[in-house]
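Q: See target_35.cif below, with mmCIF, C-alpha atoms.
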data_run
#
loop_
_atom_site.group_PDB
_atom_site.id
_atom_site.type_symbol
_atom_site.label_atom_id
_atom_site.label_comp_id
_atom_site.auth_asym_id
_atom_site.auth_seq_id
_atom_site.Cartn_x
_atom_site.Cartn_y
_atom_site.Cartn_z
ATOM 1 C CA MET Z 1460 22.833 67.886 9.840
ATOM 2 C CA SER Z 1461 25.251 65.080 10.631
ATOM 3 C CA ASN Z 1462 23.494 64.546 13.957
ATOM 4 C CA THR Z 1463 20.130 63.813 12.275
ATOM 5 C CA PHE Z 1464 21.822 61.670 9.623
ATOM 6 C CA MET Z 1465 23.453 59.554 12.344
ATOM 7 C CA ALA Z 1466 20.056 59.159 14.014
ATOM 8 C CA ILE Z 1467 18.391 57.998 10.767
ATOM 9 C CA LEU Z 1468 21.266 55.717 9.645
ATOM 10 C CA PRO Z 1469 20.247 52.699 11.828
ATOM 11 C CA LEU Z 1470 16.700 52.905 10.483
ATOM 12 C CA ILE Z 1471 17.955 52.963 6.879
ATOM 13 C CA LEU Z 1472 20.277 50.010 7.550
ATOM 14 C CA LEU Z 1473 17.414 48.073 9.135
ATOM 15 C CA LEU Z 1474 15.216 48.672 6.085
ATOM 16 C CA LEU Z 1475 17.987 47.544 3.727
ATOM 17 C CA VAL Z 1476 18.594 44.378 5.726
ATOM 18 C CA MET Z 1477 14.861 43.580 5.778
ATOM 19 C CA TYR Z 1478 14.665 44.133 2.017
ATOM 20 C CA PHE Z 1479 17.547 41.770 1.227
ATOM 21 C CA LEU Z 1480 16.605 39.111 3.796
ATOM 22 C CA LEU Z 1481 12.812 39.101 3.564
ATOM 23 C CA ILE Z 1482 11.225 41.004 0.705
ATOM 24 C CA ARG Z 1483 13.562 40.199 -2.194
ATOM 25 C CA PRO Z 1484 13.669 36.378 -1.684
ATOM 26 C CA GLN Z 1485 9.889 36.301 -1.268
ATOM 27 C CA LYS Z 1486 9.341 38.165 -4.543
ATOM 28 C CA LYS Z 1487 11.816 35.884 -6.327
ATOM 29 C CA LYS Z 1488 10.018 32.764 -5.054
ATOM 30 C CA GLU Z 1489 6.619 34.204 -5.999
ATOM 31 C CA LYS Z 1490 7.881 34.949 -9.525
ATOM 32 C CA GLU Z 1491 9.147 31.341 -9.934
ATOM 33 C CA ILE Z 1492 5.812 29.942 -8.769
ATOM 34 C CA ASN Z 1493 3.871 32.158 -11.192
ATOM 35 C CA ASN Z 1494 6.140 31.056 -14.067
ATOM 36 C CA MET Z 1495 5.571 27.403 -13.101
ATOM 37 C CA ARG Z 1496 1.781 27.875 -12.987
ATOM 38 C CA ASN Z 1497 1.716 29.714 -16.324
ATOM 39 C CA SER Z 1498 3.828 27.040 -18.045
ATOM 40 C CA ILE Z 1499 1.481 24.148 -17.195
ATOM 41 C CA LYS Z 1500 0.410 22.294 -20.322
ATOM 42 C CA VAL Z 1501 -1.936 19.431 -21.166
ATOM 43 C CA GLY Z 1502 -0.554 16.088 -19.989
ATOM 44 C CA ASP Z 1503 1.370 17.471 -16.998
ATOM 45 C CA GLU Z 1504 0.821 15.796 -13.654
ATOM 46 C CA ILE Z 1505 0.256 18.249 -10.831
ATOM 47 C CA ILE Z 1506 -0.319 18.359 -7.101
ATOM 48 C CA THR Z 1507 -2.784 20.950 -5.823
ATOM 49 C CA ILE Z 1508 -2.445 22.889 -2.591
ATOM 50 C CA GLY Z 1509 -5.108 20.562 -1.206
ATOM 51 C CA GLY Z 1510 -2.917 17.525 -1.933
ATOM 52 C CA ILE Z 1511 -4.839 16.190 -4.936
ATOM 53 C CA CYS Z 1512 -2.638 14.433 -7.512
ATOM 54 C CA ALA Z 1513 -4.078 14.886 -10.999
ATOM 55 C CA LYS Z 1514 -3.357 15.039 -14.712
ATOM 56 C CA VAL Z 1515 -4.100 18.210 -16.685
ATOM 57 C CA VAL Z 1516 -6.658 17.573 -19.456
ATOM 58 C CA LYS Z 1517 -7.410 21.120 -20.611
ATOM 59 C CA THR Z 1518 -5.964 24.550 -19.905
ATOM 60 C CA LYS Z 1519 -7.821 27.829 -19.851
ATOM 61 C CA GLU Z 1520 -6.626 31.313 -19.023
ATOM 62 C CA GLU Z 1521 -7.375 31.248 -15.287
ATOM 63 C CA THR Z 1522 -8.425 27.626 -14.752
ATOM 64 C CA LEU Z 1523 -7.340 24.058 -15.472
ATOM 65 C CA VAL Z 1524 -9.470 20.984 -16.101
ATOM 66 C CA ILE Z 1525 -7.875 18.065 -14.299
ATOM 67 C CA GLN Z 1526 -8.501 14.309 -14.286
ATOM 68 C CA VAL Z 1527 -8.365 12.477 -10.984
ATOM 69 C CA GLY Z 1528 -8.576 8.892 -9.779
ATOM 70 C CA ALA Z 1529 -9.261 5.504 -11.320
ATOM 71 C CA ASP Z 1530 -12.698 6.634 -12.513
ATOM 72 C CA LYS Z 1531 -11.008 9.525 -14.358
ATOM 73 C CA VAL Z 1532 -13.279 12.133 -12.840
ATOM 74 C CA LYS Z 1533 -12.726 15.564 -14.385
ATOM 75 C CA PHE Z 1534 -13.153 18.876 -12.640
ATOM 76 C CA GLU Z 1535 -11.996 22.439 -12.917
ATOM 77 C CA VAL Z 1536 -9.568 24.175 -10.551
ATOM 78 C CA MET Z 1537 -8.037 27.635 -10.467
ATOM 79 C CA ARG Z 1538 -4.433 27.959 -11.659
ATOM 80 C CA TRP Z 1539 -3.361 29.467 -8.346
ATOM 81 C CA SER Z 1540 -4.362 26.224 -6.578
ATOM 82 C CA VAL Z 1541 -1.466 24.292 -8.176
ATOM 83 C CA SER Z 1542 1.242 23.565 -5.635
ATOM 84 C CA LYS Z 1543 3.732 21.897 -7.959
ATOM 85 C CA VAL Z 1544 4.184 20.086 -11.236
ATOM 86 C CA VAL Z 1545 5.369 16.509 -10.745
ATOM 87 C CA GLU Z 1546 8.595 15.823 -12.608
ATOM 88 C CA PRO Z 1547 8.956 12.515 -14.530
ATOM 89 C CA ALA Z 1548 11.706 11.362 -12.138
ATOM 90 C CA GLU Z 1549 9.424 11.912 -9.136
ATOM 91 C CA LYS Z 1550 6.548 10.215 -10.925
ATOM 92 C CA SER Z 1551 8.567 7.089 -11.715
ATOM 93 C CA GLY Z 1552 9.699 6.902 -8.091
ATOM 94 C CA ARG Z 1553 6.115 7.217 -6.898
ATOM 95 C CA GLU Z 1554 4.941 4.559 -9.381
ATOM 96 C CA ALA Z 1555 7.724 2.212 -8.292
ATOM 97 C CA ALA Z 1556 6.634 2.642 -4.679
ATOM 98 C CA ALA Z 1557 3.017 1.938 -5.649
ATOM 99 C CA GLU Z 1558 4.044 -1.225 -7.535
ATOM 100 C CA GLU Z 1559 6.087 -2.355 -4.555
ATOM 101 C CA GLU Z 1560 3.020 -2.003 -2.333
ATOM 102 C CA LYS Z 1561 0.972 -4.141 -4.742
ATOM 103 C CA LYS Z 1562 3.440 -7.035 -4.658
ATOM 104 C CA PRO Z 1563 2.565 -9.665 -2.102
ATOM 105 C CA ALA Z 1564 4.924 -9.636 0.794
ATOM 106 C CA ALA Z 1565 7.493 -12.391 0.693
ATOM 107 C CA LYS Z 1566 6.560 -15.139 3.080
ATOM 108 C CA PRO Z 1567 9.032 -15.511 5.889
ATOM 109 C CA LYS Z 1568 10.918 -18.746 5.942
ATOM 110 C CA ARG Z 1569 9.658 -21.169 8.520
ATOM 111 C CA LEU Z 1570 11.979 -21.993 11.270
ATOM 112 C CA VAL Z 1571 12.418 -25.710 11.529
ATOM 113 C CA LYS Z 1572 13.136 -27.064 14.939
ATOM 114 C CA LYS Z 1573 16.040 -29.385 15.005
ATOM 115 C CA ALA Z 1574 15.001 -32.851 16.055
ATOM 116 C CA GLU Z 1575 15.918 -33.401 19.651
ATOM 117 C CA PRO Z 1576 17.855 -36.557 20.262
ATOM 118 C CA ALA Z 1577 15.443 -39.306 21.247
ATOM 119 C CA GLU Z 1578 15.531 -40.066 24.898
ATOM 120 C CA GLU Z 1579 17.108 -43.357 25.648
ATOM 121 C CA ALA Z 1580 14.659 -46.031 26.595
ATOM 122 C CA PRO Z 1581 14.689 -46.697 30.315
ATOM 123 C CA ALA Z 1582 16.936 -49.531 31.233
ATOM 124 C CA GLU Z 1583 15.135 -52.746 31.823
ATOM 125 C CA GLU Z 1584 14.348 -53.292 35.387
ATOM 126 C CA THR Z 1585 16.795 -55.399 37.206
ATOM 127 C CA PRO Z 1586 15.674 -58.723 38.519
ATOM 128 C CA ALA Z 1587 16.218 -57.425 42.044
ATOM 129 C CA ALA Z 1588 13.513 -54.826 41.550
ATOM 130 C CA GLU Z 1589 11.099 -57.444 40.277
ATOM 131 C CA GLU Z 1590 11.562 -59.589 43.342
ATOM 132 C CA GLU Z 1591 10.199 -57.009 45.635
#
Could you express the structure from this file as structure tokens?
A:
Amino acid sequence: MSNTFMAILPLILLLLVMYFLLIRPQKKKEKEINNMRNSIKVGDEIITIGGICAKVVKTKEETLVIQVGADKVKFEVMRWSVSKVVEPAEKSGREAAAEEEKKPAAKPKRLVKKAEPAEEAPAEETPAAEEE
């Protein structure tokens, strides 16, 4: 009996380790994501798994109607396609970055060359040179 128990013990330990290192954290993360997706309300800004940034206009049981772009195009997406809800702090940081891009770049100051000292006028020719 103890011989078979000792043979099975490593397998049981391996299963326990896999449960606590792989399965349990994955289920916890999945539960958090489902809670986040179910708590989405009208007015929230979201990012989809496809990378689309949008504002939620209408919520349904399994779908969301979102508004995208400057033209305010509306379309419907499944709830499971939401990657994350953008927090107000993240949004303000993103808007600040967008405003910074819109500002014209500051013109670099021109480098002004210092005036070189004027070369001295050549000395007048000596009378000896004129005689030649």
Q: Would you mind reading off the distance between atom CA of Z:Val1527 and atom CA of Z:Lys1500, one decimal, in Å?
A: 16.1 Å
Q: Please expand the PyMOL selection byres ((chain Z and resi 1515) around 7) into the concrete residues it hits in this file, giving the result as a VMD selection string.
A: chain Z and resid 1501 to 1504 1513 to 1514 1516 to 1517 1523 to 1526
Q: Since I can't run it myself right now, could you work out what the PyMOL selection byres ((chain Z and resi 1505) around 6) selects here and report it as a list in words?
A: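 What the PyMOL selection byres ((chain Z and resi 1505) around 6) grabs from the file is Glu1504, Ile1506, Cys1512, Ala1513, Lys1543, Val1544 and Val1545 of chain Z.
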Q: Export, as a PDB file, keeping the file's coordinate frame, the selected residues with C-alpha atoms.
A:
ATOM      1  CA  GLU Z1504       0.821  15.796 -13.654  1.00  0.00           C
ATOM      2  CA  ILE Z1506      -0.319  18.359  -7.101  1.00  0.00           C
ATOM      3  CA  CYS Z1512      -2.638  14.433  -7.512  1.00  0.00           C
ATOM      4  CA  ALA Z1513      -4.078  14.886 -10.999  1.00  0.00           C
ATOM      5  CA  LYS Z1543       3.732  21.897  -7.959  1.00  0.00           C
ATOM      6  CA  VAL Z1544       4.184  20.086 -11.236  1.00  0.00           C
ATOM      7  CA  VAL Z1545       5.369  16.509 -10.745  1.00  0.00           C
TER       8      VAL Z1545
END
Q: Work out how far atom CA of Z:Glu1546 is from atom CA of Z:Val1532, in Å to one decimal.
A: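 These atoms are spaced 22.2 Å apart.
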Q: For atom CA of Z:Asp1530 and atom CA of Z:Ile1511, quote the distance in Å rounded to one decimal.
A: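 Atom-to-atom, atom CA of Z:Asp1530 to atom CA of Z:Ile1511, that is 14.5 Å.
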